Amino acid sequence: MAFQWRSFAFAMLIALLSSTYGAGAAAPQVPVLWDAKERLPKPDLSALPRLRFLTTTDFPPFNFLDGSGKLSGFHIDLARAICAELGIVEKCQIQALPWAELEGALRKGEGEAIIAGIAATPESRATYAFSRSYLQFPARFIMPKSKALTEPIFAKLRGKRVGVDAGSAHERMLRDYFNTVQIIPFDKPEDLYTDLKAGKLDAAFGDGMRLAFWLGGSDAAGCCRFAGGPYLAPEYLGSGMAIATQADNPALAAALDYALQEISMKGTFAEFYLRYFPVSFF
């Protein structure tokens, strides 16, 4: 009974996503994670002496050093837009550190927020206060363009050979929600892609962002496209990206929520998303 309810809930989620994101549409789709009817209060940060965002340099396209050595990326643009929205541009700083040093730097007051993809989990919430999620990572199917399916996809996949990364959350999700397919686990993603291009697989299933980068790269050679979805399942894939602050500073996390919602509603987030993810994974 529990599995039947989970399957029903998942099916309802797919129906909602299909209508929200326009599954199968040709135009790039931008995720909208904010309720336009909810109005968050604008914070007063006049007493805030500084807002220093801590990040890394080795997580493209989110944070990286460009050809001139300048810190760039989705997170960098987003942090600057947050400061502009909060009216504190003159107080805003961004500092890049090695990943292992981020938590210690925040704890010692060397920064006020971490924007580097720390996952909001029950364990991490003991250390940090988090903004709401600003970007989630759906699971997706990719298929050869000539054979790509559209929603409703479950019945159409019956008996299809579907490749997936062995031992991954996506394999568990595939087994639970699409248990009529022939699941082919792969130890190496490159082997999965090779078999998909060679026609040995009908589809591949995995992280939408990683699949999007492959689809847009030279290795794919335009062979394939997304099919069905996107599929959001936090119990398998987590709740997405959020900005971390010190656990005793939920007021700052709430201020970040206000800025993130405004950025989304004004279209700024969409501009950043399409700039750094030209093949949309939604």
# chains A, B, ... in the order shown; residues from 1 in each chain; ligands from 1

call {"tool": "residues_around", "arguments": {"residues": "His170 in chain A", "least_positions_apart": "6", "cutoff": "10 Å", "atoms": "only C-alpha atoms", "output": "ChimeraX atom specification"}}
result
/A:138-140,164,176,205-207,233,236-237

call {"tool": "residues_around", "arguments": {"residues": "Thr55 in chain A", "least_positions_apart": "2", "cutoff": "10 Å", "atoms": "only C-alpha atoms", "output": "list in words"}}
result
Arg52, Phe53, Thr57, Asp58, Phe59, Phe62, Asn63, Phe64, Leu71, His75, Ile76, Ile94, Gln95, Ala96, Leu97, Pro98, Trp99, Glu101, Leu102, Gly111, Ala113, Ile114, Ile115, Ala116 and Gly117 of chain A

call {"tool": "residues_around", "arguments": {"residues": "range 121-136 of chain A", "least_positions_apart": "5", "cutoff": "8 Å", "atoms": "only C-alpha atoms", "output": "MDAnalysis selection string"}}
result
chainID A and resid 31 33 232 238:250 253:254 256:257 260

call {"tool": "write_last_selection", "arguments": {"atoms": "N, CA, C and O atoms", "output": "mmCIF file, in the first residue's frame"}}
result
data_model
loop_
_atom_site.group_PDB
_atom_site.id
_atom_site.type_symbol
_atom_site.label_atom_id
_atom_site.label_comp_id
_atom_site.auth_asym_id
_atom_site.auth_seq_id
_atom_site.Cartn_x
_atom_site.Cartn_y
_atom_site.Cartn_z
ATOM 1 N N PRO A 31 13.512 26.792 -14.092
ATOM 2 C CA PRO A 31 12.805 26.382 -12.881
ATOM 3 C C PRO A 31 12.354 27.587 -12.068
ATOM 4 O O PRO A 31 13.100 28.549 -11.895
ATOM 5 N N LEU A 33 10.971 28.151 -8.333
ATOM 6 C CA LEU A 33 10.772 27.475 -7.053
ATOM 7 C C LEU A 33 10.086 28.358 -6.025
ATOM 8 O O LEU A 33 9.963 27.970 -4.867
ATOM 9 N N LEU A 232 11.427 15.511 -9.768
ATOM 10 C CA LEU A 232 11.972 15.956 -8.491
ATOM 11 C C LEU A 232 11.539 14.982 -7.408
ATOM 12 O O LEU A 232 10.349 14.733 -7.235
ATOM 13 N N GLY A 238 17.710 14.858 -2.673
ATOM 14 C CA GLY A 238 17.969 15.995 -1.808
ATOM 15 C C GLY A 238 17.097 17.185 -2.162
ATOM 16 O O GLY A 238 16.305 17.154 -3.105
ATOM 17 N N SER A 239 17.260 18.248 -1.403
ATOM 18 C CA SER A 239 16.393 19.424 -1.547
ATOM 19 C C SER A 239 17.008 20.518 -2.396
ATOM 20 O O SER A 239 16.440 21.602 -2.528
ATOM 21 N N GLY A 240 18.187 20.279 -2.960
ATOM 22 C CA GLY A 240 18.781 21.251 -3.857
ATOM 23 C C GLY A 240 19.750 22.189 -3.163
ATOM 24 O O GLY A 240 20.169 21.969 -2.029
ATOM 25 N N MET A 241 20.101 23.271 -3.860
ATOM 26 C CA MET A 241 21.093 24.214 -3.364
ATOM 27 C C MET A 241 20.456 25.301 -2.516
ATOM 28 O O MET A 241 19.398 25.834 -2.853
ATOM 29 N N ALA A 242 21.136 25.652 -1.419
ATOM 30 C CA ALA A 242 20.706 26.731 -0.541
ATOM 31 C C ALA A 242 21.947 27.457 -0.051
ATOM 32 O O ALA A 242 23.066 26.952 -0.147
ATOM 33 N N ILE A 243 21.760 28.654 0.475
ATOM 34 C CA ILE A 243 22.861 29.440 1.031
ATOM 35 C C ILE A 243 22.911 29.192 2.531
ATOM 36 O O ILE A 243 21.882 29.245 3.216
ATOM 37 N N ALA A 244 24.088 28.903 3.048
ATOM 38 C CA ALA A 244 24.265 28.583 4.464
ATOM 39 C C ALA A 244 24.762 29.800 5.235
ATOM 40 O O ALA A 244 25.645 30.529 4.777
ATOM 41 N N THR A 245 24.184 30.025 6.413
ATOM 42 C CA THR A 245 24.667 31.029 7.350
ATOM 43 C C THR A 245 24.943 30.335 8.682
ATOM 44 O O THR A 245 24.665 29.145 8.838
ATOM 45 N N GLN A 246 25.462 31.047 9.635
ATOM 46 C CA GLN A 246 25.657 30.451 10.944
ATOM 47 C C GLN A 246 24.311 30.060 11.534
ATOM 48 O O GLN A 246 23.292 30.730 11.327
ATOM 49 N N ALA A 247 24.299 28.970 12.284
ATOM 50 C CA ALA A 247 23.046 28.432 12.817
ATOM 51 C C ALA A 247 22.304 29.424 13.687
ATOM 52 O O ALA A 247 21.072 29.382 13.783
ATOM 53 N N ASP A 248 23.033 30.337 14.324
ATOM 54 C CA ASP A 248 22.384 31.312 15.206
ATOM 55 C C ASP A 248 22.020 32.604 14.477
ATOM 56 O O ASP A 248 21.750 33.624 15.113
ATOM 57 N N ASN A 249 21.998 32.569 13.144
ATOM 58 C CA ASN A 249 21.672 33.761 12.368
ATOM 59 C C ASN A 249 20.560 33.492 11.361
ATOM 60 O O ASN A 249 20.717 33.720 10.157
ATOM 61 N N PRO A 250 19.408 32.992 11.842
ATOM 62 C CA PRO A 250 18.308 32.735 10.898
ATOM 63 C C PRO A 250 17.769 34.006 10.260
ATOM 64 O O PRO A 250 17.158 33.954 9.186
ATOM 65 N N ALA A 253 19.434 34.388 6.989
ATOM 66 C CA ALA A 253 18.887 33.410 6.044
ATOM 67 C C ALA A 253 17.538 33.890 5.510
ATOM 68 O O ALA A 253 17.239 33.751 4.315
ATOM 69 N N ALA A 254 16.706 34.481 6.383
ATOM 70 C CA ALA A 254 15.412 35.004 5.947
ATOM 71 C C ALA A 254 15.591 36.177 4.993
ATOM 72 O O ALA A 254 14.828 36.333 4.029
ATOM 73 N N LEU A 256 18.073 36.568 2.954
ATOM 74 C CA LEU A 256 18.475 35.965 1.686
ATOM 75 C C LEU A 256 17.265 35.405 0.945
ATOM 76 O O LEU A 256 17.192 35.491 -0.286
ATOM 77 N N ASP A 257 16.310 34.845 1.686
ATOM 78 C CA ASP A 257 15.076 34.355 1.065
ATOM 79 C C ASP A 257 14.357 35.484 0.339
ATOM 80 O O ASP A 257 13.871 35.314 -0.794
ATOM 81 N N LEU A 260 16.293 36.313 -2.834
ATOM 82 C CA LEU A 260 16.187 35.250 -3.834
ATOM 83 C C LEU A 260 14.818 35.248 -4.500
ATOM 84 O O LEU A 260 14.705 35.032 -5.712
#

call {"tool": "residues_around", "arguments": {"residues": "range 272-274 of chain A", "least_positions_apart": "4", "cutoff": "7 Å", "atoms": "only C-alpha atoms", "output": "NGL selection string"}}
result
:A and (74 or 268 or 278)

call {"tool": "write_last_selection", "arguments": {"atoms": "all heavy atoms", "output": "PDB file, in the first residue's frame"}}
result
ATOM      1  N   PHE A  74      27.909  31.196 -11.831  1.00  0.00           N
ATOM      2  CA  PHE A  74      26.509  31.360 -11.452  1.00  0.00           C
ATOM      3  C   PHE A  74      26.391  31.895 -10.030  1.00  0.00           C
ATOM      4  O   PHE A  74      25.630  32.830  -9.759  1.00  0.00           O
ATOM      5  CB  PHE A  74      25.809  30.002 -11.587  1.00  0.00           C
ATOM      6  CG  PHE A  74      24.364  30.001 -11.187  1.00  0.00           C
ATOM      7  CD1 PHE A  74      23.374  30.278 -12.107  1.00  0.00           C
ATOM      8  CD2 PHE A  74      23.981  29.690  -9.884  1.00  0.00           C
ATOM      9  CE1 PHE A  74      22.033  30.270 -11.745  1.00  0.00           C
ATOM     10  CE2 PHE A  74      22.655  29.671  -9.514  1.00  0.00           C
ATOM     11  CZ  PHE A  74      21.673  29.967 -10.444  1.00  0.00           C
ATOM     12  N   THR A 268      15.693  37.913 -13.063  1.00  0.00           N
ATOM     13  CA  THR A 268      17.156  37.915 -12.990  1.00  0.00           C
ATOM     14  C   THR A 268      17.702  36.504 -12.866  1.00  0.00           C
ATOM     15  O   THR A 268      18.725  36.158 -13.477  1.00  0.00           O
ATOM     16  CB  THR A 268      17.615  38.766 -11.798  1.00  0.00           C
ATOM     17  OG1 THR A 268      17.012  40.054 -11.872  1.00  0.00           O
ATOM     18  CG2 THR A 268      19.127  38.911 -11.776  1.00  0.00           C
ATOM     19  N   PRO A 278      22.918  26.586 -20.792  1.00  0.00           N
ATOM     20  CA  PRO A 278      22.231  26.796 -22.068  1.00  0.00           C
ATOM     21  C   PRO A 278      21.369  25.614 -22.502  1.00  0.00           C
ATOM     22  O   PRO A 278      20.401  25.792 -23.232  1.00  0.00           O
ATOM     23  CB  PRO A 278      23.378  27.048 -23.052  1.00  0.00           C
ATOM     24  CG  PRO A 278      24.603  26.477 -22.378  1.00  0.00           C
ATOM     25  CD  PRO A 278      24.378  26.657 -20.915  1.00  0.00           C
TER      26      PRO A 278
END

call {"tool": "closest_residue", "arguments": {"among": "A:Gln182, A:Pro144, A:Ala155, A:Leu149", "to": "Ala220 in chain A", "atoms": "only C-alpha atoms"}}
result
A:Pro144

call {"tool": "closest_residue", "arguments": {"among": "A:Ala81, A:Asp66, A:Pro41, A:Phe137", "to": "Phe269 in chain A", "atoms": "only C-alpha atoms"}}
result
A:Ala81

call {"tool": "residues_around", "arguments": {"residues": "Tyr258 in chain A", "least_positions_apart": "4", "cutoff": "9 Å", "atoms": "only C-alpha atoms", "output": "list in words"}}
result
Arg39, Leu40, Pro41, Lys42, Pro43, Ile82, Glu85, Leu86, Ala253, Ala254, Glu262 and Ile263 of chain A

call {"tool": "select_by_dssp", "arguments": {"residues": "range 59-137 of chain A", "states": "strand (DSSP E or B)", "output": "ChimeraX atom specification"}}
result
/A:59,63-65,71-72,92-96,113-114,119,128-130,135

call {"tool": "closest_residue", "arguments": {"among": "A:Gln93, A:Tyr177, A:Asp219, A:Leu196", "to": "Gly163 in chain A", "atoms": "only C-alpha atoms"}}
result
A:Leu196

call {"tool": "closest_residue", "arguments": {"among": "A:Val162, A:Met143, A:Ala270, A:Leu45", "to": "Cys223 in chain A", "atoms": "only C-alpha atoms"}}
result
A:Met143

call {"tool": "select_by_dssp", "arguments": {"residues": "range 58-269 of chain A", "states": "helix (DSSP H, G or I)", "output": "MDAnalysis selection string"}}
result
chainID A and resid 74:86 89:91 99:107 124:126 145:147 155:157 169:177 189:197 208:215 234:237 250:265 268:269
